[in-house]
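Here the structure comes first, spelled out in structure tokens, and everything after it is commentary.
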Amino acid sequence: MGVDAMTLYRMARGLRLKKVPLLPALLRKAIYYLHSSYVPDEADIGEGTQLGYGGIGVVIHKAAKIGRHCLISQQVTIGGRSGIEGAPIIGDYVRVGAGAKILGNIHIGDFAVIGANAVVLKDVAPGSVVAGIPARVIRQDPDPLTTYQREMGLLPRRSPLSAVPPSASSVPS
């Protein structure tokens with residue numbers, strides 16, 4: 001198994017923060033040649049964020065901010081727009097489908113889902129599912145945490161009462 005783009009990004013980012021001069025640029029070139037991706041070490045990408053298929057074809061703006069535990073599929077572009085200052089800010093636990101384009105100075109809320117090949121040009125509310133060209137809201141989730149846990153195969157948190165074992169008097173002899 002090879003090294004994915006996020007591993008190389010994290011190494012480059014750590015070296016950049018320690019002010020090592022040449023190695024971050026070398027690692028950025030390695031990401032480009034190995035994965036056909038541009039993941040600059042200047043971009044702020046949160047812990048636990050993953051790139052689908054090792055990050056093949058992903059392009060991220062150097063001023064973009066991506067939250068924690070996001071899933072970004074292959075061929076995704078997160079970038080700016082001509083004549084508009086700024087870059088996208090993506091919240092935590094966001095899932096971005098293959099080939100999606102997130103462009104401009106916009107904010108994607110926590111737990112949002114961006115459909116495959118969607119072109120997002122406007123802000124997306126937390127817990128929204130957007131798709132299409134240009135992207136439109138197709139569903140607004142009232143409880144995005146529960147939906148995320150169900151769709152990602154994570155068990156919901158147990159309440160303290162359900163964790164208590166049955167009493168000895170309720171067990172048949």
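Starting from 1 in every chain, residues are counted up; chains themselves are A, B, ... following the order of the structure tokens, and ligands are numbered from 1 as listed.
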
What's the 8 Å shell around region 95-111 of chain A, counting only C-alpha atoms, without same-chain residues fewer than 6 positions away, as an MDAnalysis selection string? chainID A and resid 70:81 84:89 117:128 144:145 148

Using DSSP on the backbone, list every residue of region 27-139 of chain A that comes out as helix (DSSP H, G or I), and give them as a list in words.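 Written out, the helix (DSSP H, G or I) residues of region 27-139 of chain A are Leu27, Arg28, Lys29, Ala30, Ile31, Tyr32, Tyr33, Leu34, His35, Gly52, Tyr53, Gly54 and Gly55 of chain A.
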
Keeping N, CA and C atoms for every residue in the selection just given, could you write it to a file as a tab-separated table (two decimals), in the first residue's frame?
chain	number	residue	atom	x	y	z
A	27	LEU	N	7.63	17.75	-0.95
A	27	LEU	CA	6.48	16.87	-0.66
A	27	LEU	C	5.26	17.28	-1.47
A	28	ARG	N	5.06	18.56	-1.68
A	28	ARG	CA	3.94	19.04	-2.51
A	28	ARG	C	4.09	18.53	-3.95
A	29	LYS	N	5.31	18.54	-4.46
A	29	LYS	CA	5.58	18.00	-5.79
A	29	LYS	C	5.33	16.50	-5.83
A	30	ALA	N	5.69	15.80	-4.75
A	30	ALA	CA	5.44	14.36	-4.68
A	30	ALA	C	3.94	14.07	-4.72
A	31	ILE	N	3.14	14.88	-4.02
A	31	ILE	CA	1.69	14.72	-4.07
A	31	ILE	C	1.20	14.90	-5.50
A	32	TYR	N	1.72	15.90	-6.18
A	32	TYR	CA	1.30	16.18	-7.55
A	32	TYR	C	1.65	15.02	-8.49
A	33	TYR	N	2.86	14.52	-8.41
A	33	TYR	CA	3.29	13.46	-9.33
A	33	TYR	C	2.70	12.10	-8.99
A	34	LEU	N	2.51	11.80	-7.73
A	34	LEU	CA	1.97	10.49	-7.34
A	34	LEU	C	0.46	10.41	-7.44
A	35	HIS	N	-0.24	11.51	-7.18
A	35	HIS	CA	-1.70	11.47	-7.08
A	35	HIS	C	-2.41	12.43	-8.03
A	52	GLY	N	-10.65	10.49	-0.76
A	52	GLY	CA	-11.00	9.23	-1.39
A	52	GLY	C	-9.96	8.78	-2.40
A	53	TYR	N	-9.72	7.48	-2.45
A	53	TYR	CA	-8.76	6.86	-3.37
A	53	TYR	C	-7.38	7.50	-3.26
A	54	GLY	N	-6.99	7.85	-2.06
A	54	GLY	CA	-5.67	8.42	-1.82
A	54	GLY	C	-5.54	9.88	-2.22
A	55	GLY	N	-6.60	10.46	-2.77
A	55	GLY	CA	-6.56	11.87	-3.15
A	55	GLY	C	-6.37	12.09	-4.63

Members of region 57-108 of chain A assigned strand (DSSP E) by DSSP, as number ranges by chain: A: 59-60, 65-66, 71-72, 77-79, 89-90, 95-96, 101-103, 107-108

Write the residues you've just listed into a file as a CSV table (one decimal), in the first residue's frame, and include N, CA, C and O atoms for each of them.
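Generated output (out_8.csv):
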chain,number,residue,atom,x,y,z
A,59,VAL,N,-8.0,19.0,-6.0
A,59,VAL,CA,-7.4,20.3,-6.0
A,59,VAL,C,-7.9,21.2,-4.9
A,59,VAL,O,-9.2,21.3,-4.8
A,60,ILE,N,-7.1,21.7,-4.1
A,60,ILE,CA,-7.5,22.5,-2.9
A,60,ILE,C,-6.8,23.9,-3.0
A,60,ILE,O,-5.6,23.9,-3.2
A,65,LYS,N,-10.1,26.3,4.1
A,65,LYS,CA,-10.1,25.8,5.4
A,65,LYS,C,-11.1,24.6,5.4
A,65,LYS,O,-12.3,24.8,5.1
A,66,ILE,N,-10.6,23.5,5.8
A,66,ILE,CA,-11.4,22.2,5.8
A,66,ILE,C,-11.5,21.7,7.3
A,66,ILE,O,-10.4,21.6,7.9
A,71,LEU,N,-14.9,13.9,4.6
A,71,LEU,CA,-14.5,12.9,3.6
A,71,LEU,C,-14.7,13.5,2.2
A,71,LEU,O,-15.8,14.0,1.8
A,72,ILE,N,-13.5,13.7,1.5
A,72,ILE,CA,-13.5,14.3,0.2
A,72,ILE,C,-13.2,13.3,-0.8
A,72,ILE,O,-12.1,12.7,-0.8
A,77,THR,N,-12.7,19.7,-6.6
A,77,THR,CA,-12.0,20.9,-6.6
A,77,THR,C,-12.6,21.8,-5.5
A,77,THR,O,-13.8,22.0,-5.5
A,78,ILE,N,-11.8,22.4,-4.6
A,78,ILE,CA,-12.1,23.3,-3.6
A,78,ILE,C,-11.3,24.5,-3.9
A,78,ILE,O,-10.1,24.6,-3.6
A,79,GLY,N,-11.9,25.5,-4.5
A,79,GLY,CA,-11.1,26.7,-5.0
A,79,GLY,C,-11.8,28.0,-5.0
A,79,GLY,O,-13.0,28.1,-4.7
A,89,ILE,N,-14.7,27.7,3.1
A,89,ILE,CA,-14.5,27.2,4.4
A,89,ILE,C,-15.5,26.1,4.6
A,89,ILE,O,-16.7,26.3,4.5
A,90,ILE,N,-15.0,24.9,4.9
A,90,ILE,CA,-15.8,23.7,5.0
A,90,ILE,C,-15.8,23.3,6.5
A,90,ILE,O,-14.8,23.2,7.1
A,95,ARG,N,-19.2,15.6,3.9
A,95,ARG,CA,-18.9,14.6,2.9
A,95,ARG,C,-19.1,15.2,1.5
A,95,ARG,O,-20.2,15.8,1.3
A,96,VAL,N,-18.1,15.1,0.7
A,96,VAL,CA,-18.1,15.7,-0.6
A,96,VAL,C,-18.0,14.6,-1.6
A,96,VAL,O,-17.0,13.8,-1.6
A,101,LYS,N,-17.5,20.4,-7.2
A,101,LYS,CA,-16.7,21.7,-7.3
A,101,LYS,C,-17.3,22.6,-6.3
A,101,LYS,O,-18.5,22.9,-6.3
A,102,ILE,N,-16.4,23.1,-5.3
A,102,ILE,CA,-16.9,24.0,-4.3
A,102,ILE,C,-16.0,25.3,-4.6
A,102,ILE,O,-14.8,25.3,-4.4
A,103,LEU,N,-16.7,26.3,-5.1
A,103,LEU,CA,-16.0,27.5,-5.6
A,103,LEU,C,-16.4,28.8,-4.9
A,103,LEU,O,-17.6,29.0,-4.7
A,107,HIS,N,-19.3,29.2,2.7
A,107,HIS,CA,-19.1,28.4,3.9
A,107,HIS,C,-20.1,27.2,3.8
A,107,HIS,O,-21.2,27.3,3.4
A,108,ILE,N,-19.5,26.0,4.0
A,108,ILE,CA,-20.2,24.8,4.0
A,108,ILE,C,-20.4,24.4,5.5
A,108,ILE,O,-19.4,24.2,6.2

Given only C-alpha atoms as the basis, pick out the residue of A:Ser82, A:Ser36, A:Thr7, A:Gln140 nearest to Gly48 (chain A).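 Checking each candidate against Gly48 (chain A), we get A:Thr7 as the closest.
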
Would you mind listing what lies within 12 Å of Asp41 (chain A) as a PyMOL selection string, with only C-alpha atoms counted and same-chain residues fewer than 3 positions away left out? chain A and resi 5-17+19+23-29+31+38+44-45+60-65

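Across the model, the gap from CA of Ser37 (chain A) to CA of Val3 (chain A) is 13.3 Å.
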